[in-house]
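**Student:** Provided below: target-v7.cif, containing mmCIF, C-alpha atoms and all ligand atoms.
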```cif
data_entry
loop_
_atom_site.label_atom_id
_atom_site.label_comp_id
_atom_site.auth_asym_id
_atom_site.auth_seq_id
_atom_site.Cartn_x
_atom_site.Cartn_y
_atom_site.Cartn_z
CA MET A 1 1.40 76.24 92.16
CA SER A 2 3.97 73.49 92.32
CA SER A 3 5.57 72.71 95.66
CA THR A 4 9.00 73.57 94.18
CA ASP A 5 8.02 77.10 93.08
CA SER A 6 10.82 79.35 94.33
CA SER A 7 8.36 81.80 95.93
CA THR A 8 7.34 79.11 98.40
CA LEU A 9 10.93 78.34 99.43
CA PRO A 10 12.38 79.95 102.54
CA LYS A 11 14.42 83.10 101.91
CA PRO A 12 18.09 82.17 101.38
CA THR A 13 20.11 82.87 104.49
CA PRO A 14 23.84 83.24 105.10
CA PRO A 15 25.63 80.03 105.99
CA CYS A 16 24.91 79.12 109.60
CA TRP A 17 28.52 79.67 110.71
CA LEU A 18 28.05 83.29 109.79
CA ALA A 19 24.40 83.84 110.67
CA ASP A 20 24.93 82.51 114.18
CA VAL A 21 27.76 84.93 114.88
CA ARG A 22 26.61 88.19 113.35
CA THR A 23 24.89 90.41 115.92
CA GLU A 24 22.27 93.05 115.14
CA SER A 25 23.53 95.60 117.66
CA THR A 26 26.62 97.74 117.19
CA PHE A 27 29.69 97.55 119.44
CA GLU A 28 30.54 99.91 122.29
CA GLU A 29 33.86 98.38 123.24
CA ILE A 30 36.74 96.52 121.66
CA PRO A 31 37.30 92.90 122.77
CA VAL A 32 40.56 91.77 124.37
CA ILE A 33 41.73 88.36 123.17
CA ASP A 34 44.51 86.22 124.65
CA VAL A 35 46.42 84.85 121.63
CA THR A 36 48.50 82.26 123.54
CA ALA A 37 46.58 79.36 121.98
CA ALA A 38 47.73 80.38 118.48
CA PHE A 39 50.98 78.57 119.29
CA SER A 40 49.30 75.55 120.95
CA SER A 41 49.68 72.06 119.46
CA ASP A 42 46.08 71.36 120.50
CA LYS A 43 43.76 71.98 117.55
CA LYS A 44 40.76 72.38 119.86
CA GLU A 45 42.44 75.31 121.62
CA ARG A 46 43.32 76.92 118.29
CA ARG A 47 39.73 76.42 117.12
CA GLU A 48 38.34 78.13 120.25
CA LEU A 49 40.67 81.07 119.73
CA ALA A 50 39.63 81.27 116.07
CA ASP A 51 35.99 81.42 117.18
CA ARG A 52 36.72 84.46 119.36
CA ILE A 53 38.59 86.10 116.50
CA ARG A 54 35.71 85.32 114.14
CA ASP A 55 33.25 87.01 116.45
CA SER A 56 35.34 90.18 116.64
CA ALA A 57 36.19 90.14 112.91
CA ILE A 58 32.52 89.94 111.95
CA ASN A 59 31.02 92.29 114.52
CA VAL A 60 33.73 94.82 115.39
CA GLY A 61 36.67 94.60 112.97
CA PHE A 62 39.02 95.45 115.86
CA PHE A 63 40.41 93.56 118.83
CA TYR A 64 43.30 93.79 121.30
CA LEU A 65 45.74 90.90 121.56
CA LYS A 66 47.48 90.05 124.80
CA ASN A 67 50.36 87.60 125.18
CA HIS A 68 51.27 88.50 121.60
CA GLY A 69 54.92 87.45 121.92
CA ILE A 70 56.59 90.70 120.78
CA PRO A 71 59.22 91.29 123.49
CA GLU A 72 58.90 94.54 125.47
CA ALA A 73 62.60 95.28 124.90
CA THR A 74 62.09 94.98 121.14
CA ILE A 75 59.18 97.42 121.29
CA THR A 76 61.09 99.91 123.43
CA ALA A 77 64.14 99.81 121.14
CA ALA A 78 62.03 100.38 118.01
CA VAL A 79 60.12 103.27 119.60
CA GLU A 80 63.39 104.88 120.77
CA ALA A 81 64.80 104.45 117.26
CA GLY A 82 61.71 106.17 115.86
CA LYS A 83 62.09 109.08 118.30
CA ARG A 84 65.70 109.55 117.21
CA PHE A 85 64.72 109.53 113.56
CA PHE A 86 61.86 112.01 113.93
CA ALA A 87 64.13 114.33 115.94
CA LEU A 88 66.45 114.73 112.93
CA PRO A 89 66.30 118.04 111.03
CA GLU A 90 63.56 118.07 108.39
CA SER A 91 66.18 118.49 105.63
CA GLU A 92 67.84 115.22 106.72
CA LYS A 93 64.53 113.31 106.78
CA MET A 94 63.53 114.72 103.40
CA LYS A 95 66.61 113.07 101.85
CA ILE A 96 64.53 109.88 101.95
CA ASP A 97 61.21 111.53 101.09
CA ILE A 98 58.65 108.86 100.22
CA HIS A 99 58.01 110.58 96.88
CA LYS A 100 61.62 110.01 95.81
CA THR A 101 61.47 106.27 96.38
CA ALA A 102 60.02 103.33 94.54
CA ASN A 103 56.54 102.64 95.79
CA TYR A 104 56.18 104.39 99.07
CA LYS A 105 59.23 103.56 101.15
CA GLY A 106 60.92 106.20 103.33
CA TYR A 107 59.84 109.40 105.04
CA THR A 108 56.38 111.00 105.01
CA ALA A 109 56.38 114.64 106.12
CA LEU A 110 53.65 116.23 108.25
CA LEU A 111 50.47 116.72 106.17
CA ALA A 112 51.97 114.84 103.16
CA GLU A 113 49.47 112.05 103.52
CA ASN A 114 45.73 112.54 103.31
CA THR A 115 43.89 109.39 104.30
CA ASP A 116 40.50 111.12 104.41
CA VAL A 117 40.01 112.93 101.10
CA THR A 118 37.77 115.52 102.78
CA GLY A 119 40.72 116.60 104.96
CA ASN A 120 43.73 118.87 104.24
CA GLY A 121 46.34 116.30 105.25
CA ASP A 122 47.23 114.14 108.25
CA LEU A 123 49.04 115.67 111.22
CA HIS A 124 51.62 112.93 111.55
CA GLU A 125 54.99 112.10 110.08
CA GLY A 126 56.08 108.58 109.23
CA PHE A 127 58.80 106.20 108.11
CA ASP A 128 57.78 103.21 105.95
CA ILE A 129 59.54 99.93 105.19
CA GLY A 130 58.64 96.64 103.54
CA TRP A 131 60.03 93.18 104.20
CA GLU A 132 63.80 92.87 104.56
CA ALA A 133 65.97 90.11 106.04
CA LYS A 134 67.47 90.99 109.42
CA ASP A 135 70.94 89.78 108.47
CA LEU A 136 71.16 92.41 105.73
CA ALA A 137 71.07 95.14 108.35
CA SER A 138 74.08 97.43 108.02
CA GLY A 139 74.46 101.16 107.56
CA GLY A 140 72.10 103.25 105.45
CA ALA A 141 71.13 103.30 101.76
CA VAL A 142 68.81 101.22 99.63
CA THR A 143 68.38 97.50 100.23
CA GLU A 144 67.15 94.39 98.50
CA ASP A 145 63.46 93.93 97.72
CA ARG A 146 62.30 90.40 98.41
CA CYS A 147 58.78 91.13 97.14
CA GLY A 148 60.33 91.75 93.73
CA GLU A 149 61.68 88.22 93.41
CA ALA A 150 60.28 85.98 90.71
CA GLY A 151 57.57 83.62 91.87
CA ASN A 152 54.48 84.04 93.91
CA GLY A 153 55.77 87.06 95.77
CA ALA A 154 56.67 89.12 92.69
CA GLY A 155 56.14 92.72 93.68
CA GLY A 156 54.44 93.96 90.52
CA ALA A 157 53.08 97.42 91.11
CA MET A 158 54.53 97.53 94.63
CA GLN A 159 58.09 96.47 93.75
CA GLY A 160 60.94 98.41 95.40
CA GLY A 161 63.41 98.02 98.27
CA ASN A 162 63.69 99.94 101.54
CA VAL A 163 65.55 103.20 102.05
CA TRP A 164 67.28 103.94 105.35
CA PRO A 165 68.48 107.17 106.95
CA GLU A 166 72.25 107.68 107.13
CA GLY A 167 74.08 108.38 110.38
CA LEU A 168 71.71 106.74 112.89
CA PRO A 169 73.69 103.81 114.32
CA GLY A 170 71.48 100.94 115.47
CA PHE A 171 68.34 102.40 113.88
CA LYS A 172 67.94 99.84 111.14
CA GLU A 173 68.67 96.91 113.46
CA ALA A 174 66.10 98.05 116.05
CA VAL A 175 63.44 98.68 113.41
CA LEU A 176 64.00 95.35 111.65
CA GLU A 177 64.01 93.48 114.97
CA TYR A 178 60.51 94.82 115.69
CA TYR A 179 59.40 94.23 112.10
CA HIS A 180 60.31 90.54 112.27
CA ALA A 181 58.68 90.03 115.68
CA ALA A 182 55.42 91.66 114.54
CA PHE A 183 55.65 89.79 111.24
CA ALA A 184 55.90 86.44 113.07
CA LEU A 185 52.73 87.33 114.98
CA GLY A 186 51.01 88.16 111.68
CA GLN A 187 52.00 84.79 110.24
CA ALA A 188 50.49 83.10 113.27
CA LEU A 189 47.21 84.97 112.76
CA PHE A 190 46.51 83.91 109.15
CA PRO A 191 45.71 80.25 110.10
CA LEU A 192 43.31 81.52 112.77
CA PHE A 193 41.53 83.73 110.25
CA ALA A 194 41.33 80.69 107.93
CA LEU A 195 39.69 78.62 110.67
CA ALA A 196 37.38 81.55 111.43
CA LEU A 197 36.22 81.44 107.80
CA GLU A 198 35.59 77.67 107.88
CA LEU A 199 38.59 77.08 105.61
CA PRO A 200 41.46 74.61 106.03
CA GLU A 201 43.86 76.05 108.60
CA ARG A 202 46.75 76.45 106.12
CA TRP A 203 44.54 77.98 103.39
CA PHE A 204 46.48 81.26 103.28
CA ASP A 205 49.94 79.60 103.21
CA ASP A 206 50.38 79.61 99.43
CA LYS A 207 49.05 83.18 99.29
CA THR A 208 51.53 84.52 101.82
CA THR A 209 54.82 82.98 100.64
CA ASN A 210 56.56 86.30 100.12
CA PRO A 211 55.70 88.86 102.66
CA ALA A 212 53.59 91.81 101.62
CA ALA A 213 53.84 93.60 104.93
CA ILE A 214 54.46 97.33 105.24
CA MET A 215 55.48 98.74 108.59
CA ARG A 216 55.36 102.38 109.64
CA LEU A 217 56.90 104.31 112.48
CA LEU A 218 54.49 107.17 113.19
CA HIS A 219 54.84 110.39 115.17
CA TYR A 220 51.83 112.57 116.02
CA PRO A 221 52.45 116.04 117.48
CA PRO A 222 49.90 117.06 120.13
CA GLN A 223 46.82 119.03 119.04
CA ASP A 224 45.21 121.65 121.24
CA PRO A 225 41.65 120.34 121.74
CA THR A 226 40.29 123.91 122.02
CA LYS A 227 41.64 124.85 118.59
CA LEU A 228 41.07 121.57 116.79
CA ASN A 229 40.91 121.85 113.01
CA GLU A 230 38.73 118.88 112.00
CA LYS A 231 40.40 118.85 108.57
CA GLU A 232 43.90 118.41 109.99
CA ILE A 233 43.74 115.67 112.59
CA GLY A 234 46.46 113.08 113.37
CA ILE A 235 45.09 110.64 110.84
CA GLY A 236 41.77 111.23 109.11
CA ALA A 237 38.95 108.69 109.15
CA HIS A 238 39.92 105.76 106.94
CA THR A 239 39.94 102.01 106.56
CA ASP A 240 43.22 100.11 106.13
CA TYR A 241 44.24 98.63 102.79
CA GLU A 242 45.63 95.19 103.61
CA CYS A 243 44.17 92.07 105.29
CA PHE A 244 44.91 93.11 108.84
CA THR A 245 47.00 95.57 110.82
CA ILE A 246 49.00 94.89 113.98
CA LEU A 247 49.32 98.19 115.83
CA TRP A 248 51.45 99.08 118.81
CA GLN A 249 50.39 102.41 120.33
CA ASP A 250 52.00 104.37 123.16
CA PRO A 251 50.01 105.41 126.27
CA CYS A 252 48.91 108.83 124.87
CA GLY A 253 45.65 107.52 123.44
CA GLY A 254 43.80 109.15 120.57
CA LEU A 255 42.91 106.17 118.37
CA GLN A 256 39.15 106.01 117.78
CA VAL A 257 37.08 103.36 116.02
CA GLN A 258 33.72 104.06 114.39
CA ASN A 259 30.85 101.74 115.27
CA THR A 260 27.96 101.06 112.92
CA SER A 261 25.88 103.83 114.52
CA GLY A 262 28.60 106.31 113.56
CA LYS A 263 29.85 106.80 117.13
CA TRP A 264 33.60 107.10 117.74
CA VAL A 265 34.68 104.53 120.34
CA ASP A 266 38.08 105.11 122.01
CA ALA A 267 40.64 102.34 121.50
CA VAL A 268 42.20 103.12 124.87
CA PRO A 269 45.84 101.92 125.10
CA ILE A 270 46.04 98.76 127.22
CA PRO A 271 49.57 97.99 128.47
CA GLY A 272 50.98 94.72 127.14
CA THR A 273 48.61 94.53 124.17
CA VAL A 274 48.65 95.30 120.47
CA VAL A 275 45.56 96.29 118.53
CA VAL A 276 44.58 94.22 115.49
CA ASN A 277 42.15 95.58 112.93
CA LEU A 278 40.93 94.15 109.67
CA GLY A 279 41.47 95.98 106.41
CA ASP A 280 39.93 96.25 102.97
CA GLN A 281 41.76 93.27 101.46
CA PHE A 282 39.96 91.09 103.99
CA ALA A 283 36.66 92.82 103.23
CA ARG A 284 37.29 91.88 99.59
CA TRP A 285 38.39 88.30 100.30
CA THR A 286 35.38 87.76 102.56
CA ASN A 287 32.80 89.68 100.54
CA ASP A 288 32.35 92.00 103.55
CA VAL A 289 31.84 89.20 106.07
CA PHE A 290 34.88 90.55 107.94
CA LYS A 291 34.51 94.21 108.85
CA SER A 292 37.05 96.77 107.72
CA THR A 293 36.16 99.37 110.32
CA PRO A 294 36.84 103.12 109.92
CA HIS A 295 39.18 104.65 112.46
CA ARG A 296 41.11 107.88 113.06
CA VAL A 297 43.59 109.44 115.48
CA ILE A 298 43.39 112.77 117.30
CA ASN A 299 46.26 113.34 119.72
CA ARG A 300 44.68 115.47 122.45
CA SER A 301 47.12 114.23 125.13
CA GLY A 302 49.39 117.28 125.13
CA ARG A 303 52.34 114.93 124.51
CA GLU A 304 54.14 113.59 121.44
CA ARG A 305 52.41 110.35 120.38
CA TYR A 306 54.21 107.40 118.73
CA SER A 307 52.74 104.28 117.17
CA ILE A 308 53.87 101.41 114.93
CA PRO A 309 51.37 99.78 112.57
CA LEU A 310 52.32 96.74 110.48
CA PHE A 311 49.95 96.15 107.58
CA PHE A 312 49.85 92.51 106.55
CA GLY A 313 48.41 91.47 103.18
CA THR A 314 48.68 88.54 100.81
CA ASP A 315 51.49 88.29 98.23
CA TYR A 316 51.18 91.17 95.80
CA ASN A 317 50.48 89.00 92.75
CA VAL A 318 47.61 87.08 94.38
CA LEU A 319 44.11 87.84 93.11
CA LEU A 320 41.67 89.18 95.70
CA GLU A 321 38.81 86.80 94.88
CA PRO A 322 35.85 86.27 97.19
CA ILE A 323 36.29 83.16 99.33
CA GLU A 324 33.65 80.54 98.54
CA THR A 325 32.43 80.27 102.13
CA CYS A 326 31.50 83.96 101.97
CA VAL A 327 29.44 83.99 98.75
CA TYR A 328 25.80 82.91 98.99
CA PRO A 329 22.57 83.77 97.16
CA ASP A 330 21.81 86.90 99.17
CA SER A 331 25.39 88.07 98.90
CA PRO A 332 26.92 87.63 95.43
CA PRO A 333 30.49 88.98 94.91
CA HIS A 334 30.67 92.67 95.87
CA TYR A 335 34.04 93.66 94.36
CA GLU A 336 35.95 93.68 91.11
CA VAL A 337 38.79 91.13 91.27
CA MET A 338 42.35 92.55 91.12
CA THR A 339 45.77 91.64 92.44
CA ALA A 340 46.66 92.61 96.01
CA GLY A 341 49.62 94.66 94.69
CA ASP A 342 47.53 96.69 92.26
CA TYR A 343 44.97 97.26 94.96
CA VAL A 344 47.44 98.49 97.60
CA LYS A 345 49.25 100.66 95.05
CA SER A 346 45.98 102.31 93.94
CA ARG A 347 45.10 103.14 97.56
CA LEU A 348 48.56 104.55 98.30
CA ASP A 349 48.50 106.61 95.09
CA ALA A 350 45.23 108.19 96.27
CA THR A 351 46.52 108.82 99.80
CA TYR A 352 49.67 110.61 98.63
CA ALA A 353 48.28 112.30 95.51
CA HIS A 354 47.89 115.73 97.07
CA SER A 355 51.59 115.97 98.03
CA ALA A 356 53.07 114.18 94.99
CA PRO A 357 55.41 116.27 92.84
CA ALA A 358 53.80 117.08 89.47
CA SER A 359 56.27 114.75 87.70
CA ASN A 360 54.91 111.74 89.66
CA ILE A 361 51.29 112.29 88.68
O1 LIG B 1 48.54 105.47 114.92
C1 LIG B 1 47.53 104.82 115.11
O2 LIG B 1 47.11 104.55 116.23
C2 LIG B 1 46.71 104.33 113.93
C3 LIG B 1 47.41 104.44 112.61
C4 LIG B 1 46.55 104.04 111.46
O3 LIG B 1 45.37 103.91 111.55
C5 LIG B 1 47.18 103.76 110.17
O4 LIG B 1 48.39 104.06 110.00
O5 LIG B 1 46.50 103.24 109.27
FE FE B 2 44.62 102.73 109.90
#
```
Can you dump the structure from the file as structure tokens?

**Tutor:**
Amino acid sequence: MSSTDSSTLPKPTPPCWLADVRTESTFEEIPVIDVTAAFSSDKKERRELADRIRDSAINVGFFYLKNHGIPEATITAAVEAGKRFFALPESEKMKIDIHKTANYKGYTALLAENTDVTGNGDLHEGFDIGWEAKDLASGGAVTEDRCGEAGNGAGGAMQGGNVWPEGLPGFKEAVLEYYHAAFALGQALFPLFALALELPERWFDDKTTNPAAIMRLLHYPPQDPTKLNEKEIGIGAHTDYECFTILWQDPCGGLQVQNTSGKWVDAVPIPGTVVVNLGDQFARWTNDVFKSTPHRVINRSGRERYSIPLFFGTDYNVLLEPIETCVYPDSPPHYEVMTAGDYVKSRLDATYAHSAPASNI
């Protein structure tokens, strides 16, 4: 046998940056990370922060961020705006039913969404928007769609502007103010994820030139824990569709994250933090190096629960190709390559299929 026979060579291993970080045991709690250094001019500080994010992204898929920079007053105003919207009569909200609009903008009624296909529908209502400039804010109606512009951000399958409720003064301004603050945080996170993947810090810049970021205001009515219907919980077990989600949640609690042993770990609300979790676009980009962790919500608090997720992906016309630092002999590409827009649209189509009018199917 020659000394170069492949059977005598050591088994191929993941690159050391990954092998050193991945732990064998599952997680029991969700790390809290101070994100202040994201805005530091000192590369060493940014690198250390990226290392913490890498650890959580590989082993948990969830982390809390403190010192995230979204002003408390901006959060409060957006939550109050959401409460006013959800308090409108159903007939008013249904005027901007998500099924009437181009590509999932507007109002989602209770049980209209079904994130876990084994369920009957999710016990929450929502209001969805995509990117929109703040200075366009005025009144109601349909607004411009920046993702539909020619160029790298072309919307493709996800093209379509926002729709706004009529007769809610200040609603649009408060919602867009929060959107832009959370969006700025998301833009600051991409370079950290790049460093975490051993890529140049600005690697995602040309893939995030036009913002593919969907934000939702969510309202979960309380559920009586003694009469819980497992098929109609606040949001059924699911993974998110984009690269990462920035979630503000109120103090009611109810968000749970599934660890690799199948146990549901509570993502207890921590004042002054947002929760960040990785989604399926990142699982695709990273060939499953980053975890897209299943989660769900059951509002057992006895109170109305409100939350605001912002789902941040790459430009819709960018191909979700496995990043070279994440492909190695033991782990060839796991996924079919498609554009981010086609991918998100296919997931949304599946989520809303059971409530779509027959003419949409
Ligand atoms: O409301 C929450 O806490 C989580 C929402 C969520 O998981 C989602 O909208 O994808
Ligand atoms: Fe989610």

**Student:** Quick one: axis-aligned box around all listed atoms of region 195-201 of chain A, 6 Å on every side, centre and edge lengths in Å to one decimal, written as lines of an AutoDock Vina configuration file.

**Tutor:**
```
center_x = 39.7
center_y = 78.1
center_z = 108.5
size_x = 20.3
size_y = 18.9
size_z = 17.8
```

**Student:** At a cut-off of 8 Å around ligand FE 2 (chain B), and using all atoms listed in the file, what residues come up? Please write them as a PyMOL selection string.

**Tutor:** chain A and resi 235+238-240+245+294-296+309

**Student:** All residues within 9 Å of ligand LIG 1 (chain B) are required, counting only C-alpha atoms and all ligand atoms; please report them as a PDB file with C-alpha atoms, in the frame of the given file.

**Tutor:**
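Result file follows (out19.pdb):
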```
ATOM      1  CA  THR A 115      43.890 109.390 104.300  1.00  0.00           C
ATOM      2  CA  HIS A 124      51.620 112.930 111.550  1.00  0.00           C
ATOM      3  CA  GLY A 126      56.080 108.580 109.230  1.00  0.00           C
ATOM      4  CA  MET A 215      55.480  98.740 108.590  1.00  0.00           C
ATOM      5  CA  ARG A 216      55.360 102.380 109.640  1.00  0.00           C
ATOM      6  CA  LEU A 217      56.900 104.310 112.480  1.00  0.00           C
ATOM      7  CA  LEU A 218      54.490 107.170 113.190  1.00  0.00           C
ATOM      8  CA  HIS A 219      54.840 110.390 115.170  1.00  0.00           C
ATOM      9  CA  TYR A 220      51.830 112.570 116.020  1.00  0.00           C
ATOM     10  CA  GLY A 234      46.460 113.080 113.370  1.00  0.00           C
ATOM     11  CA  ILE A 235      45.090 110.640 110.840  1.00  0.00           C
ATOM     12  CA  GLY A 236      41.770 111.230 109.110  1.00  0.00           C
ATOM     13  CA  ALA A 237      38.950 108.690 109.150  1.00  0.00           C
ATOM     14  CA  HIS A 238      39.920 105.760 106.940  1.00  0.00           C
ATOM     15  CA  THR A 239      39.940 102.010 106.560  1.00  0.00           C
ATOM     16  CA  ASP A 240      43.220 100.110 106.130  1.00  0.00           C
ATOM     17  CA  TYR A 241      44.240  98.630 102.790  1.00  0.00           C
ATOM     18  CA  THR A 245      47.000  95.570 110.820  1.00  0.00           C
ATOM     19  CA  LEU A 247      49.320  98.190 115.830  1.00  0.00           C
ATOM     20  CA  TRP A 248      51.450  99.080 118.810  1.00  0.00           C
ATOM     21  CA  GLN A 249      50.390 102.410 120.330  1.00  0.00           C
ATOM     22  CA  ASP A 250      52.000 104.370 123.160  1.00  0.00           C
ATOM     23  CA  GLY A 253      45.650 107.520 123.440  1.00  0.00           C
ATOM     24  CA  GLY A 254      43.800 109.150 120.570  1.00  0.00           C
ATOM     25  CA  LEU A 255      42.910 106.170 118.370  1.00  0.00           C
ATOM     26  CA  GLN A 256      39.150 106.010 117.780  1.00  0.00           C
ATOM     27  CA  ALA A 267      40.640 102.340 121.500  1.00  0.00           C
ATOM     28  CA  VAL A 275      45.560  96.290 118.530  1.00  0.00           C
ATOM     29  CA  PRO A 294      36.840 103.120 109.920  1.00  0.00           C
ATOM     30  CA  HIS A 295      39.180 104.650 112.460  1.00  0.00           C
ATOM     31  CA  ARG A 296      41.110 107.880 113.060  1.00  0.00           C
ATOM     32  CA  VAL A 297      43.590 109.440 115.480  1.00  0.00           C
ATOM     33  CA  ARG A 305      52.410 110.350 120.380  1.00  0.00           C
ATOM     34  CA  TYR A 306      54.210 107.400 118.730  1.00  0.00           C
ATOM     35  CA  SER A 307      52.740 104.280 117.170  1.00  0.00           C
ATOM     36  CA  ILE A 308      53.870 101.410 114.930  1.00  0.00           C
ATOM     37  CA  PRO A 309      51.370  99.780 112.570  1.00  0.00           C
ATOM     38  CA  LEU A 310      52.320  96.740 110.480  1.00  0.00           C
ATOM     39  CA  PHE A 311      49.950  96.150 107.580  1.00  0.00           C
TER      40      PHE A 311
END
```

**Student:** In Å, rounded to a single decimal, give me how far CA of Phe127 (chain A) is from CA of Tyr352 (chain A).

**Tutor:** 13.9 Å

**Student:** Find the spatial neighbours of Thr118 (chain A), counting only C-alpha atoms, within a cut-off of 8 Å - ignore same-chain residues fewer than 2 positions away - and output them as JSON, numbers by chain.

**Tutor:** {"A": [116, 120, 231]}

**Student:** For a test of reading the model, state the distance in Å between CA of Asp205 (chain A) and CA of Asn162 (chain A), rounded to one decimal.

**Tutor:**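 CA of Asp205 (chain A) sits 24.6 Å away from CA of Asn162 (chain A).
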
**Student:** Smallest atom-to-atom distance to Ile75 (chain A): which of A:His180, A:His99, A:Lys93, A:Lys43, using all atoms listed in the file?

**Tutor:**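 The answer is A:His180, which sits nearest to Ile75 (chain A).
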
**Student:** Enter the distance from CA of Pro225 (chain A) to CA of Gln258 (chain A), in Å, rounded to one decimal.

**Tutor:**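 CA of Gln258 (chain A) lies at a distance of 19.5 Å from CA of Pro225 (chain A).
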
**Student:** Have a look at A:Glu29, A:Glu113, A:Asp97, A:Glu177 and name the one nearest to Ala78 (chain A); count all atoms listed in the file.

**Tutor:** A:Glu177

**Student:** Could you give me, as a PyMOL selection string, the residues that sit within 12 Å of (61.8, 114.4, 113.4) in the file's coordinates, counting only C-alpha atoms?

**Tutor:** chain A and resi 81-94+107-110+124-127+165+217-221+304+306

**Student:** Around the point (42.8, 97.9, 107.0), in the coordinates given by the file, pick out the residues reaching within 10 Å, counting all atoms listed in the file, and return them as a VMD selection string.

**Tutor:** chain A and resid 61 to 62 238 to 246 276 to 283 291 to 295 311 to 313

**Student:** Can you work out which one of A:Asp224, A:Asp315, A:Glu173, A:Glu230 has the shortest atom-to-atom distance to Asp206 (chain A), counting all atoms listed in the file?

**Tutor:**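 When distances to Asp206 (chain A) are compared using all atoms listed in the file, the smallest one comes from A:Asp315.
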
**Student:** List as a PyMOL selection string the protein and nucleic acid residues near Thr208 (chain A), meaning an atom at most 12 Å away when all atoms listed in the file are counted, but skip any in the same chain fewer than 2 places from it.

**Tutor:** chain A and resi 147+151-154+183+186-191+202-206+210-213+243+312-319+340

**Student:** Please save C-alpha atoms of the selected residues as a compact mmCIF listing (two decimals), in the frame of the given file.

**Tutor:**
```txt
# COMPACT_ATOMS: atom_id res chain seq x y z
CA CYS A 147 58.78 91.13 97.14
CA GLY A 151 57.57 83.62 91.87
CA ASN A 152 54.48 84.04 93.91
CA GLY A 153 55.77 87.06 95.77
CA ALA A 154 56.67 89.12 92.69
CA PHE A 183 55.65 89.79 111.24
CA GLY A 186 51.01 88.16 111.68
CA GLN A 187 52.00 84.79 110.24
CA ALA A 188 50.49 83.10 113.27
CA LEU A 189 47.21 84.97 112.76
CA PHE A 190 46.51 83.91 109.15
CA PRO A 191 45.71 80.25 110.10
CA ARG A 202 46.75 76.45 106.12
CA TRP A 203 44.54 77.98 103.39
CA PHE A 204 46.48 81.26 103.28
CA ASP A 205 49.94 79.60 103.21
CA ASP A 206 50.38 79.61 99.43
CA ASN A 210 56.56 86.30 100.12
CA PRO A 211 55.70 88.86 102.66
CA ALA A 212 53.59 91.81 101.62
CA ALA A 213 53.84 93.60 104.93
CA CYS A 243 44.17 92.07 105.29
CA PHE A 312 49.85 92.51 106.55
CA GLY A 313 48.41 91.47 103.18
CA THR A 314 48.68 88.54 100.81
CA ASP A 315 51.49 88.29 98.23
CA TYR A 316 51.18 91.17 95.80
CA ASN A 317 50.48 89.00 92.75
CA VAL A 318 47.61 87.08 94.38
CA LEU A 319 44.11 87.84 93.11
CA ALA A 340 46.66 92.61 96.01
```

**Student:** Taking only C-alpha atoms into account, name the residue in A:Ser346, A:Asn67, A:Thr101, A:Thr286 that is nearest to Leu185 (chain A).

**Tutor:**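 Going through A:Ser346, A:Asn67, A:Thr101, A:Thr286 one by one, the smallest distance to Leu185 (chain A) is for A:Asn67.
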
**Student:** Of the residues A:Thr26, A:Trp164, A:Ile298, A:Ile270, which is the one nearest to Pro222 (chain A), using all atoms listed in the file?

**Tutor:**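 Closest to Pro222 (chain A) of all the choices is A:Ile298.
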